[in-house]
Each structure stands twice: as C-alpha cells, then as structure tokens.
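Working notes for the structure below.
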There are 2 protein chains.
Amino acid sequence: MSLLNHTHDPAARSWLESANAAVCDFPIQNLPFCVFRRRGSDESYRGGVAIGDQVIDLAQLGATAALQGLAAEAAQAGAGASLNPLMALGPAAWQALRHGLFDLLKAGAAGAAVDALRGCLVAQAQVEYTVPAQIGDYTDFYTSVHHATNIGKLFRPDSPLLPNYKWVPIGYHGRASSIGISGQAFPRPKGQLKAPDAETPVLAPSKRMDIELELGIFIGQGNEQGDPIGIEGAEDHVFGICLLNDWSARDIQAWEYQPLGPFLSKNFASTISPWIVTLEALAPYRVPFTRPEGDPQPLPYLDSAANRAGGAFDIQLQVGLLTEQMRAAGQSDAQICRTSYRHAYWTVAQMVTHHTINGCNLQPGDLFGSGTLSGPTLDQAGALIELTGGGKNPIALPNGERRTFLEDGDAVVIRGWCEQAGAARIGFGECWGQLLPARA
Amino acid sequence: MSLLNHTHDPAARSWLESANAAVCDFPIQNLPFCVFRRRGSDESYRGGVAIGDQVIDLAQLGATAALQGLAAEAAQAGAGASLNPLMALGPAAWQALRHGLFDLLKAGAAGAAVDALRGCLVAQAQVEYTVPAQIGDYTDFYTSVHHATNIGKLFRPDSPLLPNYKWVPIGYHGRASSIGISGQAFPRPKGQLKAPDAETPVLAPSKRMDIELELGIFIGQGNEQGDPIGIEGAEDHVFGICLLNDWSARDIQAWEYQPLGPFLSKNFASTISPWIVTLEALAPYRVPFTRPEGDPQPLPYLDSAANRAGGAFDIQLQVGLLTEQMRAAGQSDAQICRTSYRHAYWTVAQMVTHHTINGCNLQPGDLFGSGTLSGPTLDQAGALIELTGGGKNPIALPNGERRTFLEDGDAVVIRGWCEQAGAARIGFGECWGQLLPARA
C-alpha cells in the first residue's frame, strides 16, 4: 500500500509564486504547522501553516467558510496559542486540514474559499514564533548508535557502547520549561565543575559548551495510562517533526551524570524550530529500517512489517556556526556537520511504542528528542565533543578561527530538509540559538 | 529571628471540635491545601483547605466577604481546578490566607465572616481529590545518602556511593503525566527484563516491583530562565510538601538505566497525597542541617546560616503494606518502614538553588521528589529492595505472609506527620496506591 497521494505530486504548484521557487522549504506539498503572531505586536499567538514565504493564519481561516467538515474543525482547533487541541484530534483531522489547504492553494484554484484563504496570509518576514505546543513532558532519546559509541568512548573508554544499547531504545526525561523557539539566547550556564586532578569541585561557568543536533517529535493523540501503544499504530500518535538543539554543558555533565543521568548539564535551554512537518508530508522520504549485519533484530514489540519497510526517514541535516567575528564581518554561518536522520538506530514508531510499553501515558504536545543524530563518519557528528575528539582537536572555521567548544556570542543554526528526484523538497526551516556570556 | 508566630501556638483550638482531637492530622495550626470535589459528583474540582475532618471550599469562600485583601485574593486564586494561580502568588499571599483562616477558625471567633466560612465546609468523608496542580515539570532528587549507599551496593557493588554524591544534590527529570493522587491503582508494568545469565532480554511484566518512600515538594513562584534562585531566598519559592510514592520496577531499571538514568522503570505511575503542607505550618519542626564528621561542607552557593540552623525538617514517615489476604481478613496495613525526613543529606532550599544554578527556570506547580528517604538503619529503609537486601531476605508480615517485592493486589500507604512536645501535631494524611495484575 503506498502512503503517497495527490498531495505528494512533485508537479503540483501553487498560485502563490513563492511556494514554487526552485529551492523552497515550504512548497504546497509540505504545509507544516507553527504558532505565530505579527512581530512586535501584542496580538494573540495562534496556529499557522507555512506556504512559500507566507503563513496561513488558522484563527482567521477557521472563522471563514473556506474549509468544511473535519478540515474546518481542525483549523479551528489550531486557532489558539498552542497546537495541543489540534494535536489531540488525530491523524484524520490533520490530513483533512492539509488536504483542504492543498486544494485551496494549488495553481488554478479559485472562488470564494480561495479568496478567503488569500486574506489569511501573513508574510513570514513580518512574524515571530513561539513554542507551538504546551509541552507537558519532554523525553530525550539516544537513537544514534554512532553518537552513543563516540560519546561512550569519551565518558567510558572501557565500555563505550553498553550491552543494552542494541535492545533498548534508550531515553530519559528532560526539562520542558526551558524549551525555547528558534532565536533563543541564553547565558552560559554555571555549575559544579571538577577537573580530573582536582580534589574538589568548584562553581563556575561551563567551559565545555556544546550543541546536540537532534530532531524533535511532537506527539498528537495520547494514550490512557496503563494502555501501551502498539508499533502498528504508533505513528498515528505522531503529529510531526521539528528541529531541536539540545545544548549541553559537557563539564557539568561529566561530574553530575552518574548514576541518574544528565540534569543541569542539559536543562538550562533547548531550542526548537518553529515549524512542525507532518509525517504525511514526509511520506516520500521514508526509507527501510535496517540493522547492520550481525546486530540483533528488535524484540517483537518493536518490530513490524511497516516499520521495516519504511519506518526511517531520510531527512538531511546540517549544522552551521556563526561566531561574533563572522557576524561582524558580514559572513554567513560555516557548516560544521552534515548528516541524515536515516542513520538512526531506532525509528519514531519504536520510540512511541517503547515509551508506552510500561503503560506510561503520552499526551498531546509531548515532545521527544531523537538524541544527537551523528552519522557514521566524523564529519557527520552532531556534537562538538565528537567533532573535536573531546575538545582535543579543534575544528577550523573558514575565517581562520578555531573551536573546540562554543565561545560567548557563538550562534548555532540547524537546518533540515528532504530532497530527492521525483519528489518535492520538504523543508524544516531553521533552528537558531545563541550562547551569551555568563551572568555575573 | 524566630519563624514562629501566633498560628503556631500549640494551645490554639478551633470551634470545629474535630480539629481539636488528640491525634488529628489537621488541627488549626496546619491548614494544608488540596483540590477536591464531592465524591461521585460532576462538580468542578476546586481548591480546599483541611481543618479537622472538614475541607474548606476555597471557591465558595472566595465568593464571600469572609476574607479581605491579600487573603481574599489568595482564596480566589485557589478556586480553580489547580492551585497553580495560588502557588504563583508567593509566600505573603499563602501566609495571609493561612492566617486569615486561622483567625476565622479559632475557638471563640464569631460574626458574619465565621458564619460564611462555616457554610463552606464539606466533610472529608464525602469528597474525592485530584492532583492539586498542573505539574509542568517533575524532578526527582536523591537526597538520602543511606538510600544512595544501600542501592549503590546492589547496582554497583564496586562503587556504591559515587564521588559526586557529597557535593552534588543529584537529581534527574521524571514524568509528570503519570503522577496520580492517593488511591491510584495501576497495572503491573511490562518492560524489557534481562536475567544476569540470559543472552537476550525478554518483554515481560516486572517481577521486582518496588516502592520509594519520598516527600514531594511543590514549587510556588518560579524564576526567569537564566536567573538562579539563591539559597537565602530559596524557600520563598516553595509552596509546600506532600507525600510521594515513586513506584519502581527494579528489573526494568537494572537493564535500562545506563547511561542516561531511570526511565520506564519509574514513569508508569507516581502517587502523591492530596494535601500540601506549607513550610509555615512546618516551622516548629525545623532542625539543624548538619553533615557527618569528616564529610565536606556544601559549596558556598548551597550554604547559608539559615539553612544550617533550620533547613531540615523532622517529618515522621511510615510505610504500610496491605496485601489481598490482609484485606480479605479485615486487617489493617502492616508497617514495613519507619523513618524521618531529618536524615536527608540535602535540604529543600539546597534542591531549589541547585536546580536553578544553571539558569533553569522553575514554574508554579513544578514538583520535586526528595528521593527515597531511607534512614541510617535497615528498618528505616524506604524501599523493598533495601529492606530485603535486593530481594534475598523476605520481610515477614504479621499474618505470616512474606514479601520480597510487591505482589498483585498489594496496596501501599505512606503516612507522614510531625509531633513533639510544645508544638501542635502537623499531619500529611495518607498516600495510598495499589498494584493491579499486568494486563494481558
């Protein structure tokens, strides 16, 4: 059964010309969700959908007769300051809205409904975004075996990849309150640091500030406590995917993380992109989920034919670094990593099912992090600690600067997109964040 | 400076006779908060305050003229289905409400305001409770050095107490969605289990279901991201304390917890008591925070004169177990543990300050767990894994049954109270939960 339908037709075009550009993150085949308002205004935040260089205002659209039935209901559920009500409606509603918008936006569409939608467009250049959901719980996974191995070598040279890794989709709970939207800037965190040869720790600003290139997975419909979500229906509980930078203070982490895991080394800030791309839009980029020769197959509860056939996604990912010097010189960010989500060792469906196998209840708006998405080679590593061999081998930037860890003022951007012959480009936009100096 | 005032007078009595009983958890000196409604009704949940065997309905009271000024504002903020708005008002408002209620409830008080309050009483026997706050984030700490040592011996015989323990108030993020109110019943969780001699894990119901005796600390006012809460003012951010059972599946935990900490072994259910006891009510039970001879003193950011003088609380804690056999025979629960919070290695104020030292933002309604509050001797251990030496030495119950870990149908109750000569008893009520059989 193909997951593709007319909304995936790469030849489809919109009457909105900016959506038809050769390289556009938001063509008519994408239609990702956000929460926005006009920049600097005191308007209420409300849901929006990207098309070309515009945002469709769902609050305004939901008040018109442009959409009918489930699509209209979905638009109205997306009218508030968080997308949780829309997320709770489930995949039929999300699809109805995406298809309804597609039909109104496609080249040649005309009539009162199209005119109504045209009146609901706001230029992306004029808006600001906020975290698109009330995130009840945030769970960070650890789905890159390459990252787990690389970082394991640094933290535990004697046992880099632990025996449970190939069986358990390892995850842990993170902090929801400090998740911010692209553009988040935060002071260098202080914490307890202990040098290997020091007798006692000291309180000081972190000296080993790092990034983690991740994807964020927003949960749509939840489950009742005690009622696990089977792998077959797991993706029906996923609203969509965004970009995520899980900033990390490696020196705080090294001293605090035993035995209960990372805490203050992570929870000062995590940054997500404004746009949530639906799984339906990503359907052309599904790839088989496979295990390297010799690795164990997942336990039956984490295995399904659909997951094997297309449970992984080929999402291109890139990390750029923009230093103060580069900014002052008018330069753009320099690429420090390039990889794909296809290398992940566990799929989105497996994360959902594993998280609930014990009866844990998910709720609309919950966020999963994929874990750092390092690929198999060094230039595909999604964290500075890996790229620099634990801070020993600085990376060189095009302007001659070098970096082991982040310096004050450094900004980091994550970009994500899908692209291949015979399919429309599906973009995720950008996820920016900036490290400010520690407060006095 | 004494923290005591007229509301701590042990001789104070109420015109409500049930509040003056010789052993009463809720005398006029306590006045803890809850969220409740009439049992089995479709009424809205709203805030309440315990006095004797009654609950004061804050929604109803806030609509009268019984209280004035800040106390009235606080009662109105407590009128909704979660106490977050009241929590956000801060300690002056909490105190104004507690003092206002004290004055209306004390023996001899009379007049229209007292009559109005009398009309807002609902019998505790007729109500049901719900989780009293929208818990944005739940953080579990690890503040008992005895628990850390005991469990460390079982999980890591070679290094039971890790080098960071005496420096870092170890904590990790937990799951907010699965926190339930006293009376919570949940199926035995399934998960990956791997026997030490097995080649591969299997999916099966946990065989090592355990409890963790903890206190829960509700945050009142939060802090801005990037803006740590210093130790001097830390307690001003604490709304109050409840009882907490952090149910744990030890076999799932043993296999999953490396390297990122406990996850599915904990997040299927956590149970709290309905009542939140304020720090003001607990003032007579403050005790000095001291470190054993030879242990390091806390780093300066975790140290203050007030914390040393009275940062700890002498809260008596008891765990009871009620098996199906005992229930069928009409017996009461059997005590399996008895200890005090005074043995904790880190204080409430230190938890607040440490959690925010990196700029992490707390929000009203956030919940901290104290970690398992095992005392220095074996019968003071707050978890079965400790009480039974890792499941090797079953405990004997009065009816002849034996337990290593929980069996299906077992109910567990945590009780907490403060009691000493020259002060009124301050009770926490009870925190009940029950393990049901695994679902098919």
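By convention here, the chains of the structure tokens are called A, B, ... in the order presented, each chain's residues are numbered starting at 1, and ligands are numbered starting at 1 in the order presented.
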Please report as a tab-separated table every residue of chain B lying within 8 Å of chain A, along with the nearest atom pair and their distance in Å (one decimal), using only C-alpha atoms.
```
residue	atom	partner	partner_atom	distance
B:Gly136	CA	A:Gly136	CA	6.0
B:Asp137	CA	A:Ala176	CA	6.5
B:Leu162	CA	A:Gln258	CA	7.4
B:Asn164	CA	A:Trp255	CA	6.7
B:Trp167	CA	A:Pro201	CA	7.6
B:Val168	CA	A:Glu256	CA	6.9
B:Ile170	CA	A:Glu256	CA	7.0
B:Gly171	CA	A:Phe263	CA	6.6
B:Tyr172	CA	A:Phe263	CA	5.3
B:His173	CA	A:His173	CA	5.2
B:Gly174	CA	A:His173	CA	5.6
B:Arg175	CA	A:Asp137	CA	6.6
B:Ala176	CA	A:Asp137	CA	6.5
B:Ser177	CA	A:Asn361	CA	6.5
B:Ser178	CA	A:Asn361	CA	6.3
B:Phe186	CA	A:Gly226	CA	6.6
B:Pro187	CA	A:Gly226	CA	6.2
B:Pro189	CA	A:Asn358	CA	4.5
B:Lys190	CA	A:Asn358	CA	4.8
B:Gly191	CA	A:Asn358	CA	5.8
B:Gln192	CA	A:Val168	CA	7.6
B:Pro201	CA	A:Trp167	CA	7.6
B:Val202	CA	A:Leu299	CA	7.5
B:Leu203	CA	A:Leu299	CA	7.7
B:Gln225	CA	A:Ser178	CA	7.0
B:Gly226	CA	A:Pro187	CA	6.2
B:Trp255	CA	A:Asn164	CA	6.7
B:Glu256	CA	A:Asn164	CA	6.7
B:Tyr257	CA	A:Leu260	CA	7.6
B:Gln258	CA	A:Leu162	CA	7.4
B:Pro259	CA	A:Gly261	CA	6.6
B:Leu260	CA	A:Gly261	CA	4.2
B:Gly261	CA	A:Leu260	CA	4.2
B:Pro262	CA	A:Leu260	CA	6.5
B:Phe263	CA	A:Tyr172	CA	5.3
B:Leu264	CA	A:Asn358	CA	6.4
B:Asn267	CA	A:Cys360	CA	6.0
B:Phe268	CA	A:Cys360	CA	4.3
B:Ala269	CA	A:Cys360	CA	7.3
B:Leu299	CA	A:Val202	CA	7.5
B:Tyr301	CA	A:Leu203	CA	7.9
B:His355	CA	A:Leu264	CA	6.9
B:Ile357	CA	A:Lys190	CA	6.3
B:Asn358	CA	A:Pro189	CA	4.5
B:Gly359	CA	A:Phe268	CA	5.5
B:Cys360	CA	A:Phe268	CA	4.3
B:Asn361	CA	A:Ser178	CA	6.3
B:Leu362	CA	A:Ser177	CA	7.2
B:Gln363	CA	A:Ser177	CA	7.5
```
Contact residues around stretch 335-339 of chain A with only C-alpha atoms at 10 Å, ignoring same-chain residues under 4 positions, as a PyMOL selection string: chain A and resi 213+314-322+343+373-384+387+395-398+412-416
For the selection you just gave me, I'd like the residues written to a file as a compact mmCIF listing (two decimals), in the first residue's frame, keeping N, CA and C atoms.
```
# COMPACT_ATOMS: atom_id res chain seq x y z
N LEU A 213 22.73 18.06 17.75
CA LEU A 213 21.87 18.09 16.57
C LEU A 213 20.81 16.99 16.72
N ASP A 314 14.62 9.82 5.53
CA ASP A 314 15.87 10.39 5.02
C ASP A 314 15.78 11.90 5.07
N ILE A 315 16.00 12.44 6.25
CA ILE A 315 15.96 13.89 6.45
C ILE A 315 17.39 14.40 6.50
N GLN A 316 17.74 15.29 5.57
CA GLN A 316 19.09 15.87 5.53
C GLN A 316 19.23 16.89 6.65
N LEU A 317 20.36 16.87 7.31
CA LEU A 317 20.56 17.76 8.45
C LEU A 317 21.91 18.44 8.34
N GLN A 318 21.93 19.69 8.75
CA GLN A 318 23.17 20.45 8.65
C GLN A 318 23.26 21.37 9.86
N VAL A 319 24.47 21.53 10.38
CA VAL A 319 24.69 22.46 11.48
C VAL A 319 25.66 23.54 11.02
N GLY A 320 25.29 24.79 11.29
CA GLY A 320 26.16 25.91 10.97
C GLY A 320 26.53 26.68 12.23
N LEU A 321 27.73 27.25 12.21
CA LEU A 321 28.21 28.02 13.35
C LEU A 321 28.52 29.44 12.88
N LEU A 322 28.04 30.41 13.61
CA LEU A 322 28.29 31.82 13.28
C LEU A 322 28.91 32.49 14.49
N HIS A 343 20.32 7.45 9.43
CA HIS A 343 21.29 6.62 10.16
C HIS A 343 20.82 6.23 11.56
N LEU A 373 22.07 13.18 16.40
CA LEU A 373 21.95 12.35 15.19
C LEU A 373 23.27 12.23 14.44
N SER A 374 24.31 11.82 15.13
CA SER A 374 25.59 11.64 14.45
C SER A 374 25.49 10.50 13.44
N GLY A 375 26.08 10.72 12.26
CA GLY A 375 26.17 9.67 11.26
C GLY A 375 27.44 8.86 11.44
N PRO A 376 27.68 7.96 10.51
CA PRO A 376 28.79 7.02 10.69
C PRO A 376 30.19 7.63 10.56
N THR A 377 30.35 8.77 9.90
CA THR A 377 31.70 9.33 9.76
C THR A 377 31.87 10.57 10.63
N LEU A 378 33.12 10.97 10.81
CA LEU A 378 33.40 12.03 11.77
C LEU A 378 32.73 13.35 11.39
N ASP A 379 32.71 13.70 10.10
CA ASP A 379 32.10 14.97 9.70
C ASP A 379 30.57 14.92 9.80
N GLN A 380 30.03 13.75 10.13
CA GLN A 380 28.59 13.62 10.34
C GLN A 380 28.23 13.66 11.82
N ALA A 381 29.17 13.99 12.67
CA ALA A 381 28.90 14.00 14.11
C ALA A 381 28.12 15.26 14.48
N GLY A 382 27.10 15.09 15.33
CA GLY A 382 26.18 16.17 15.64
C GLY A 382 26.48 16.91 16.92
N ALA A 383 27.70 16.79 17.42
CA ALA A 383 28.07 17.50 18.64
C ALA A 383 29.56 17.85 18.56
N LEU A 384 29.93 18.98 19.17
CA LEU A 384 31.33 19.40 19.14
C LEU A 384 32.24 18.42 19.86
N LEU A 387 33.03 16.03 17.24
CA LEU A 387 33.77 16.63 16.12
C LEU A 387 35.21 16.96 16.50
N ILE A 395 38.23 22.34 15.52
CA ILE A 395 37.84 22.44 14.12
C ILE A 395 38.20 23.84 13.64
N ALA A 396 38.57 23.91 12.36
CA ALA A 396 38.96 25.19 11.77
C ALA A 396 37.76 25.77 11.02
N LEU A 397 37.50 27.03 11.24
CA LEU A 397 36.43 27.71 10.53
C LEU A 397 37.03 28.45 9.32
N PRO A 398 36.22 28.75 8.32
CA PRO A 398 36.75 29.36 7.08
C PRO A 398 37.49 30.68 7.32
N VAL A 412 24.37 29.13 16.70
CA VAL A 412 24.34 27.84 16.01
C VAL A 412 23.00 27.72 15.30
N VAL A 413 23.05 27.26 14.07
CA VAL A 413 21.81 27.04 13.31
C VAL A 413 21.76 25.60 12.84
N ILE A 414 20.62 24.98 13.03
CA ILE A 414 20.36 23.66 12.46
C ILE A 414 19.39 23.85 11.30
N ARG A 415 19.69 23.21 10.21
CA ARG A 415 18.78 23.21 9.07
C ARG A 415 18.43 21.77 8.73
N GLY A 416 17.22 21.58 8.22
CA GLY A 416 16.80 20.24 7.83
C GLY A 416 15.93 20.31 6.59
```
DSSP-assigned strand (DSSP E) among stretch 136-239 of chain B, expressed as JSON, numbers by chain: {"B": [138, 139, 140, 141, 171, 172, 173, 174, 179, 180, 181, 184, 185, 186, 187, 190, 191, 192, 193, 202, 203, 204, 205, 209, 210, 213, 214, 215, 216, 217, 218, 219, 238, 239]}
Any chance you can output those residues with N, CA and C atoms as a compact mmCIF listing (two decimals), in the first residue's frame?
```
# COMPACT_ATOMS: atom_id res chain seq x y z
N TYR B 138 8.50 17.61 36.62
CA TYR B 138 8.70 16.83 37.84
C TYR B 138 10.17 16.41 37.89
N THR B 139 10.83 16.76 38.97
CA THR B 139 12.24 16.43 39.16
C THR B 139 12.38 15.56 40.38
N ASP B 140 13.06 14.45 40.24
CA ASP B 140 13.28 13.59 41.39
C ASP B 140 14.72 13.72 41.85
N PHE B 141 14.89 14.02 43.13
CA PHE B 141 16.24 14.12 43.69
C PHE B 141 16.63 12.79 44.35
N GLY B 171 19.95 14.90 41.02
CA GLY B 171 18.55 14.85 40.62
C GLY B 171 18.45 14.49 39.17
N TYR B 172 17.25 14.14 38.75
CA TYR B 172 17.01 13.85 37.34
C TYR B 172 15.54 14.13 37.07
N HIS B 173 15.23 14.30 35.81
CA HIS B 173 13.85 14.63 35.45
C HIS B 173 13.00 13.38 35.41
N GLY B 174 11.78 13.51 35.92
CA GLY B 174 10.83 12.41 35.89
C GLY B 174 9.63 12.75 35.03
N ILE B 179 1.69 11.08 37.15
CA ILE B 179 1.54 11.33 38.58
C ILE B 179 0.05 11.32 38.92
N GLY B 180 -0.33 10.51 39.89
CA GLY B 180 -1.73 10.39 40.27
C GLY B 180 -1.92 10.68 41.76
N ILE B 181 -3.17 10.84 42.12
CA ILE B 181 -3.49 11.18 43.51
C ILE B 181 -3.68 9.91 44.32
N GLN B 184 -4.49 5.91 43.61
CA GLN B 184 -4.08 5.47 42.26
C GLN B 184 -3.85 3.96 42.23
N ALA B 185 -4.43 3.30 41.26
CA ALA B 185 -4.19 1.87 41.04
C ALA B 185 -3.74 1.71 39.59
N PHE B 186 -2.79 0.84 39.36
CA PHE B 186 -2.20 0.75 38.02
C PHE B 186 -1.74 -0.69 37.79
N PRO B 187 -1.79 -1.13 36.53
CA PRO B 187 -1.35 -2.50 36.24
C PRO B 187 0.15 -2.66 36.39
N LYS B 190 4.87 -3.76 32.09
CA LYS B 190 5.75 -4.64 31.31
C LYS B 190 7.00 -3.87 30.89
N GLY B 191 8.02 -4.61 30.60
CA GLY B 191 9.23 -3.97 30.13
C GLY B 191 10.26 -5.00 29.75
N GLN B 192 11.39 -4.51 29.26
CA GLN B 192 12.49 -5.41 28.93
C GLN B 192 13.18 -5.84 30.22
N LEU B 193 13.27 -7.14 30.40
CA LEU B 193 13.97 -7.72 31.54
C LEU B 193 15.09 -8.59 31.00
N VAL B 202 13.92 -10.16 27.46
CA VAL B 202 12.56 -10.53 27.04
C VAL B 202 11.62 -9.42 27.49
N LEU B 203 10.48 -9.35 26.82
CA LEU B 203 9.42 -8.44 27.25
C LEU B 203 8.50 -9.19 28.19
N ALA B 204 8.35 -8.71 29.41
CA ALA B 204 7.53 -9.42 30.40
C ALA B 204 7.13 -8.45 31.49
N PRO B 205 6.08 -8.80 32.26
CA PRO B 205 5.74 -7.97 33.41
C PRO B 205 6.88 -7.96 34.42
N MET B 209 8.72 -5.39 41.59
CA MET B 209 8.00 -4.13 41.77
C MET B 209 8.22 -3.60 43.18
N ASP B 210 8.58 -2.33 43.23
CA ASP B 210 9.03 -1.74 44.50
C ASP B 210 8.34 -0.40 44.71
N LEU B 213 9.65 5.53 49.25
CA LEU B 213 9.10 6.48 50.23
C LEU B 213 9.77 7.83 50.01
N GLU B 214 8.96 8.80 49.57
CA GLU B 214 9.53 10.12 49.30
C GLU B 214 8.58 11.20 49.81
N LEU B 215 9.10 12.40 49.88
CA LEU B 215 8.26 13.58 50.01
C LEU B 215 8.26 14.31 48.67
N GLY B 216 7.15 14.97 48.39
CA GLY B 216 7.05 15.80 47.19
C GLY B 216 7.06 17.27 47.60
N ILE B 217 7.79 18.07 46.87
CA ILE B 217 7.91 19.49 47.19
C ILE B 217 7.33 20.28 46.03
N PHE B 218 6.25 21.01 46.29
CA PHE B 218 5.62 21.81 45.24
C PHE B 218 6.24 23.21 45.20
N ILE B 219 6.62 23.61 43.99
CA ILE B 219 7.18 24.94 43.79
C ILE B 219 6.04 25.96 43.70
N VAL B 238 8.92 27.83 47.62
CA VAL B 238 8.34 26.51 47.92
C VAL B 238 6.94 26.69 48.50
N PHE B 239 5.95 26.14 47.80
CA PHE B 239 4.57 26.24 48.26
C PHE B 239 4.31 25.29 49.42
```
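Distance check against B:Asp410 using only C-alpha atoms: of B:Ala107, B:Leu58, B:Ala234, B:Ile211, the minimum falls on B:Ile211.
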Residue set, stretch 123-314 of chain B restricted to helix (DSSP H, G or I), as a PyMOL selection string: chain B and resi 124-126+145-155+231-237+250-256+283-285+300-302+305-310
6 Å contact set for A:Val127, only C-alpha atoms, chain neighbours under 5 positions out, as a ChimeraX atom specification: /A:37-39
